[in-house]
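Beneath this line is the structure, given in C-alpha cells, with notes to follow.
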Amino acid sequence: PFDVLIVGGGPAGAAAAVYAARKGIRVGVAAERFGGQVNDTLAIENYISVLETDGPKFAAALEAQVRHYGVDIMNLQRADKLVPASEPGGLVEVHMANGAALKARSVILSTGARWRNVNVPGEAEYRNKGVAYCPHCDGPLFKGKRVAVIGGGNSGVEAAIDLAGIVEHVTLIEFADALKADAVLVRKLESLTNVTIHVNAQTTEITGANGTVNGLSYKDRVSGEARHIELEGVFVQIGLVPNTEWLKGTVELSRFGEIVIDAKGHTNVPGVFAAGDCTTVPYKQIVIAAGAGSTAALSAFDHLIRQPVA
Ligand code: FAD
C-alpha cells in the first residue's frame, strides 16, 4: 500500500506529493489529467516569484518536480469511490473507474473544480481569447477595455466590482429578474459609474472576429428583443463546481459540494485529508491550492507517525 495516496494532480496534489515524498515515504498520485486546471490557462502572472508563465509550462514544471522525488504518477485515472478504513489505522481504499482499487494508509483528496459554462455559441471558441472565468487571474488583461460579467450572484457581482476598478466599462448580465448577490454588494455595484446592469437578460452568443471576442448578444426576456453589446471580454461567473460528486455520502461536503476541511486539511474521515479547489478553502487560486496541498501532506505525515507500531 501507499503511505500517502493523492487523488488529483493539480497544484494542490503536486504540492502534496512533493511534501509527502520528501519525508521518505511511499507516495502515489492518481489523476484524471495531471496538471489540472492550469492546463487550460494561458498566462499565469500571480504565482509568487514567477513573473509570468503559461499553463502548459507550469503543468510540466509541476510534473517534473513530482517525478524528481520518485512519486508514482498514475495519469489518466479517474477515482469513483472512496472506502474509509474499517478500523482505526486501517487502510483506506480508492476505487478507480478502470476497476482497480488502490490502498493507502492515508489519502489526500485534491480533485479540484470546474467553472460552470454558459454553453452558448462562442464560449468555447473564444476561451482564453476574451472569454475568461477568473477575475483575479485575467482582470488585468482587460485594462482600459470593455467587458461583460455573466451572472448576478455573489461571485458575479464581486467580479463586476473588482473589474470596474481595472477596466473601462462593465456590463453585468443576469438571467433572473433581480441580482441574487448580498444587498451590500448590489448597492456597491449600483454606485459605480462605469457599470451597466441588465436583468432578465439571457446570453445567446459570444461574438468575435479575428480570433478574439468583440461582443455579446442577449435576449431581453421581458420584451423578447434581441440585443448586442460591443466589448472585448466576457467573464463567466455562474458557479465553480467542485469535482466531488464521487464522494457524496462518504466524506462531509458543504452545501456547495466542497469537502469540509479544518485548518490542517483534515476531513471528517480519519486518515483522509483534502486540499485545493475541491475544499471549503476560501479563494480558489494556484498559490493557495499549493499551500493547502503542502498543509495536507504535513498533516497526513503527522497522522502516519501517530499510528501504533504494527
Ligand atoms: P485542479 O487544478 O482543478 O486539479 C484537479 C486535479 O484532480 C486534476 O489533475 C484533475 O484531473 C483531477 N481529478 C478531478 N477529478 C478526479 C477524479 N475523480 N479522479 C482522479 N483525478 C481527478 N489561478 C491562479 O492562481 N492564477 C491564474 O492565472 C489562474 N488562471 C486560471 C485560468 C483558468 C482558465 C482556470 C480554469 C483557472 C485559473 N486559475 C488560476 C485557478 C487555478 O487553476 C486553480 O485554483 C488551481 O488549479 C486549483 O488547483 P487544484 O489542485 O485544487 O485543482
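If you're wondering about the labels, chains in the C-alpha cells are A, B, ... by order shown, residues count from 1 in each chain, ligands from 1 in order shown.
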
List the neighbours of Arg67 of chain A out to 12 Å using only C-alpha atoms; skip same-chain residues closer than 3 positions along the sequence, and give me the result as JSON, numbers by chain. {"A": [14, 15, 17, 18, 21, 22, 27, 28, 29, 34, 60, 61, 62, 63, 64, 70, 71, 72, 73, 74]}

Contacts of Gly152 of chain A at 6 Å or less, counting only C-alpha atoms, minus same-chain residues fewer than 6 places along, as number ranges by chain? A: 174, 179-180

From segment 84-209 of chain A, collect each residue whose DSSP state is alpha helix (DSSP H) and return the set as a list in words.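 Put together, the selection reads Pro135, His136, Cys137, Asp138, Asn154, Ser155, Gly156, Val157, Glu158, Ala159, Ala160, Ile161, Asp162, Leu163, Ala164, Ala183, Val184, Leu185, Val186, Arg187, Lys188, Leu189 and Glu190 of chain A.
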
Contact residues around Ile288 of chain A with only C-alpha atoms at 9 Å, ignoring same-chain residues under 3 positions, as a ChimeraX atom specification: /A:11-12,276-277,281-285,291-293

Using N, CA and C atoms, can you write the selected residues to a file as a short mmCIF file (atom, residue, chain, number, x, y, z; two decimals), in the first residue's frame?
```cif
data_model
loop_
_atom_site.label_atom_id
_atom_site.label_comp_id
_atom_site.auth_asym_id
_atom_site.auth_seq_id
_atom_site.Cartn_x
_atom_site.Cartn_y
_atom_site.Cartn_z
N PRO A 11 -2.17 21.75 -8.89
CA PRO A 11 -1.21 22.37 -7.98
C PRO A 11 -1.32 21.84 -6.54
N ALA A 12 -2.52 21.57 -6.07
CA ALA A 12 -2.68 21.06 -4.70
C ALA A 12 -2.08 19.66 -4.58
N GLY A 276 -7.12 22.29 -1.73
CA GLY A 276 -7.32 22.98 -3.00
C GLY A 276 -8.76 23.31 -3.33
N ASP A 277 -9.02 23.51 -4.62
CA ASP A 277 -10.32 24.00 -5.09
C ASP A 277 -11.49 23.07 -4.75
N VAL A 281 -11.76 25.68 1.33
CA VAL A 281 -10.74 26.74 1.45
C VAL A 281 -11.26 28.01 0.77
N PRO A 282 -11.12 29.16 1.42
CA PRO A 282 -11.55 30.38 0.75
C PRO A 282 -10.57 30.78 -0.35
N TYR A 283 -11.08 31.25 -1.46
CA TYR A 283 -10.32 31.74 -2.61
C TYR A 283 -9.65 30.60 -3.37
N LYS A 284 -10.02 30.43 -4.61
CA LYS A 284 -9.53 29.33 -5.41
C LYS A 284 -8.44 29.84 -6.34
N GLN A 285 -7.20 29.65 -5.96
CA GLN A 285 -6.06 30.13 -6.73
C GLN A 285 -4.93 29.11 -6.66
N GLY A 291 -0.31 25.82 -1.35
CA GLY A 291 -0.11 25.92 0.10
C GLY A 291 -0.96 24.90 0.84
N ALA A 292 -2.20 24.75 0.40
CA ALA A 292 -3.11 23.82 1.07
C ALA A 292 -2.66 22.37 0.86
N GLY A 293 -2.11 22.07 -0.32
CA GLY A 293 -1.60 20.72 -0.58
C GLY A 293 -0.44 20.40 0.35
#
```

Cut-off 7 Å, only C-alpha atoms and all ligand atoms, neighbours of ligand 1 as a ChimeraX atom specification: /A:7-13,30-38,40-47,77-80,110-115,128,132-134,137-138,243,246,275-278,284-287,289

Pull C-alpha atoms from the residues just selected and write them as a short mmCIF file (atom, residue, chain, number, x, y, z; two decimals), in the first residue's frame.
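For reference, again.cif as written:
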```cif
data_model
loop_
_atom_site.label_atom_id
_atom_site.label_comp_id
_atom_site.auth_asym_id
_atom_site.auth_seq_id
_atom_site.Cartn_x
_atom_site.Cartn_y
_atom_site.Cartn_z
CA VAL A 7 -6.19 11.79 -5.77
CA GLY A 8 -5.86 14.70 -8.21
CA GLY A 9 -2.75 16.08 -9.86
CA GLY A 10 -3.24 19.85 -10.00
CA PRO A 11 -1.21 22.37 -7.98
CA ALA A 12 -2.68 21.06 -4.70
CA GLY A 13 -1.93 17.40 -5.47
CA ALA A 30 -3.73 9.25 -9.33
CA ALA A 31 -5.06 11.96 -11.62
CA GLU A 32 -7.55 12.13 -14.41
CA ARG A 33 -5.41 14.81 -16.05
CA PHE A 34 -2.12 15.69 -14.38
CA GLY A 35 -1.69 19.46 -14.11
CA GLY A 36 -5.39 20.15 -13.60
CA GLN A 37 -6.95 23.48 -14.47
CA VAL A 38 -3.64 25.13 -15.20
CA ASP A 40 -6.33 25.41 -19.65
CA THR A 41 -4.67 28.63 -18.53
CA LEU A 42 -2.95 30.94 -20.93
CA ALA A 43 -0.91 33.34 -18.80
CA ILE A 44 -0.15 32.91 -15.12
CA GLU A 45 1.16 36.15 -13.64
CA ASN A 46 0.33 35.76 -9.95
CA TYR A 47 2.33 32.75 -8.79
CA GLN A 77 -7.00 7.55 -13.89
CA ARG A 78 -10.38 8.62 -12.54
CA ALA A 79 -11.34 7.72 -8.99
CA ASP A 80 -15.01 6.87 -8.47
CA SER A 110 -7.27 17.22 -4.38
CA THR A 111 -9.68 16.78 -7.27
CA GLY A 112 -10.17 20.49 -7.91
CA ALA A 113 -13.15 22.16 -9.50
CA ARG A 114 -14.51 23.28 -12.85
CA TRP A 115 -16.18 26.52 -13.90
CA ASN A 128 -8.74 32.48 -23.32
CA ALA A 132 -12.46 34.30 -19.02
CA TYR A 133 -13.57 32.79 -15.74
CA CYS A 134 -11.29 34.24 -13.07
CA CYS A 137 -6.27 35.94 -12.83
CA ASP A 138 -7.35 37.66 -16.01
CA ASN A 243 -15.17 17.60 -8.53
CA TRP A 246 -17.92 10.68 -6.28
CA ALA A 275 -6.70 20.41 -0.30
CA GLY A 276 -7.32 22.98 -3.00
CA ASP A 277 -10.32 24.00 -5.09
CA CYS A 278 -12.34 20.88 -4.13
CA LYS A 284 -9.53 29.33 -5.41
CA GLN A 285 -6.06 30.13 -6.73
CA ILE A 286 -2.88 28.22 -7.66
CA VAL A 287 -0.73 29.62 -4.86
CA ALA A 289 -4.03 25.33 -3.64
#
```

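For the set A:Glu258, A:Gln237, A:Lys81, A:Leu185, the residue with the smallest atom-to-atom gap to Ser155 of chain A is A:Gln237, counting only C-alpha atoms.
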
Hey, what's within 7 Å of segment 83-90 of chain A if we count only C-alpha atoms and toss same-chain stuff fewer than 3 positions away? As a ChimeraX atom specification, please? /A:93-94,105,269,307

Store the residues picked out above in a file with C-alpha atoms, as an mmCIF file, in the first residue's frame.
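As a result, out30.cif now contains:
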```cif
data_model
loop_
_atom_site.group_PDB
_atom_site.id
_atom_site.type_symbol
_atom_site.label_atom_id
_atom_site.label_comp_id
_atom_site.auth_asym_id
_atom_site.auth_seq_id
_atom_site.Cartn_x
_atom_site.Cartn_y
_atom_site.Cartn_z
ATOM 1 C CA GLU A 93 -9.261 2.274 -0.473
ATOM 2 C CA VAL A 94 -9.722 4.333 -3.595
ATOM 3 C CA ARG A 105 -2.514 4.383 4.932
ATOM 4 C CA VAL A 269 -12.876 10.692 7.738
ATOM 5 C CA GLN A 307 -0.150 5.171 14.247
#
```

Would you list the contacts of Val236 of chain A as a list in words, taking every protein, DNA or RNA residue within 8 Å and counting only C-alpha atoms, but skipping same-chain residues closer than 2 positions in sequence?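 So the residues in contact are Asn117, Val118, Val131, Ala132, Tyr133, Val149, Ile150, Gly151, Gly156, Val234 and Ile238 of chain A.
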
Any chance you could export the current selection's C-alpha atoms as an mmCIF file, in the first residue's frame?
```cif
data_model
loop_
_atom_site.group_PDB
_atom_site.id
_atom_site.type_symbol
_atom_site.label_atom_id
_atom_site.label_comp_id
_atom_site.auth_asym_id
_atom_site.auth_seq_id
_atom_site.Cartn_x
_atom_site.Cartn_y
_atom_site.Cartn_z
ATOM 1 C CA ASN A 117 -20.131 27.107 -18.645
ATOM 2 C CA VAL A 118 -22.951 29.196 -20.153
ATOM 3 C CA VAL A 131 -13.738 34.600 -22.598
ATOM 4 C CA ALA A 132 -12.456 34.305 -19.019
ATOM 5 C CA TYR A 133 -13.570 32.785 -15.736
ATOM 6 C CA VAL A 149 -19.813 39.656 -16.477
ATOM 7 C CA ILE A 150 -22.392 36.892 -16.873
ATOM 8 C CA GLY A 151 -24.034 36.078 -13.537
ATOM 9 C CA GLY A 156 -20.587 37.747 -10.479
ATOM 10 C CA VAL A 234 -16.641 38.242 -21.129
ATOM 11 C CA ILE A 238 -22.196 31.278 -12.871
#
```

Using the chain letters and numbers from this document, which residues of segment 190-236 of chain A does DSSP assign to strand (DSSP E or B), as a VMD selection string? chain A and resid 195 to 198 201 to 209 212 to 220 226 to 230 233 to 236

Excluding segment 203-218 of chain A and its own-chain neighbours fewer than 2 positions away, which residues fall within 7 Å of it when counting only C-alpha atoms? Please give them as a list of chain:residue names.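 Returned residues: A:Val120, A:Pro121, A:Gly122, A:Glu123, A:Tyr126, A:Lys129, A:Gly130, A:Ala201, A:Asp220, A:Ala226, A:Arg227, A:His228, A:Ile229, A:Glu230, A:Leu231, A:Glu232, A:Gly233.
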
Keeping only C-alpha atoms, write the selected residues as a PDB file, in the first residue's frame.
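Once written, selection36.pdb looks like this:
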```pdb
ATOM      1  CA  VAL A 120     -23.649  29.443 -25.827  1.00  0.00           C
ATOM      2  CA  PRO A 121     -22.010  29.707 -29.252  1.00  0.00           C
ATOM      3  CA  GLY A 122     -18.635  31.436 -28.997  1.00  0.00           C
ATOM      4  CA  GLU A 123     -17.862  30.449 -25.403  1.00  0.00           C
ATOM      5  CA  TYR A 126     -13.065  32.243 -27.625  1.00  0.00           C
ATOM      6  CA  LYS A 129      -9.314  34.786 -26.305  1.00  0.00           C
ATOM      7  CA  GLY A 130     -11.620  37.145 -24.477  1.00  0.00           C
ATOM      8  CA  ALA A 201     -31.139  39.044 -19.899  1.00  0.00           C
ATOM      9  CA  ASP A 220     -34.377  40.662 -23.238  1.00  0.00           C
ATOM     10  CA  ALA A 226     -32.500  40.569 -29.278  1.00  0.00           C
ATOM     11  CA  ARG A 227     -29.696  42.928 -28.277  1.00  0.00           C
ATOM     12  CA  HIS A 228     -25.958  43.100 -28.904  1.00  0.00           C
ATOM     13  CA  ILE A 229     -23.211  44.837 -26.922  1.00  0.00           C
ATOM     14  CA  GLU A 230     -19.749  45.587 -28.284  1.00  0.00           C
ATOM     15  CA  LEU A 231     -16.956  44.664 -25.904  1.00  0.00           C
ATOM     16  CA  GLU A 232     -13.596  42.940 -25.658  1.00  0.00           C
ATOM     17  CA  GLY A 233     -14.062  40.472 -22.805  1.00  0.00           C
TER      18      GLY A 233
END
```
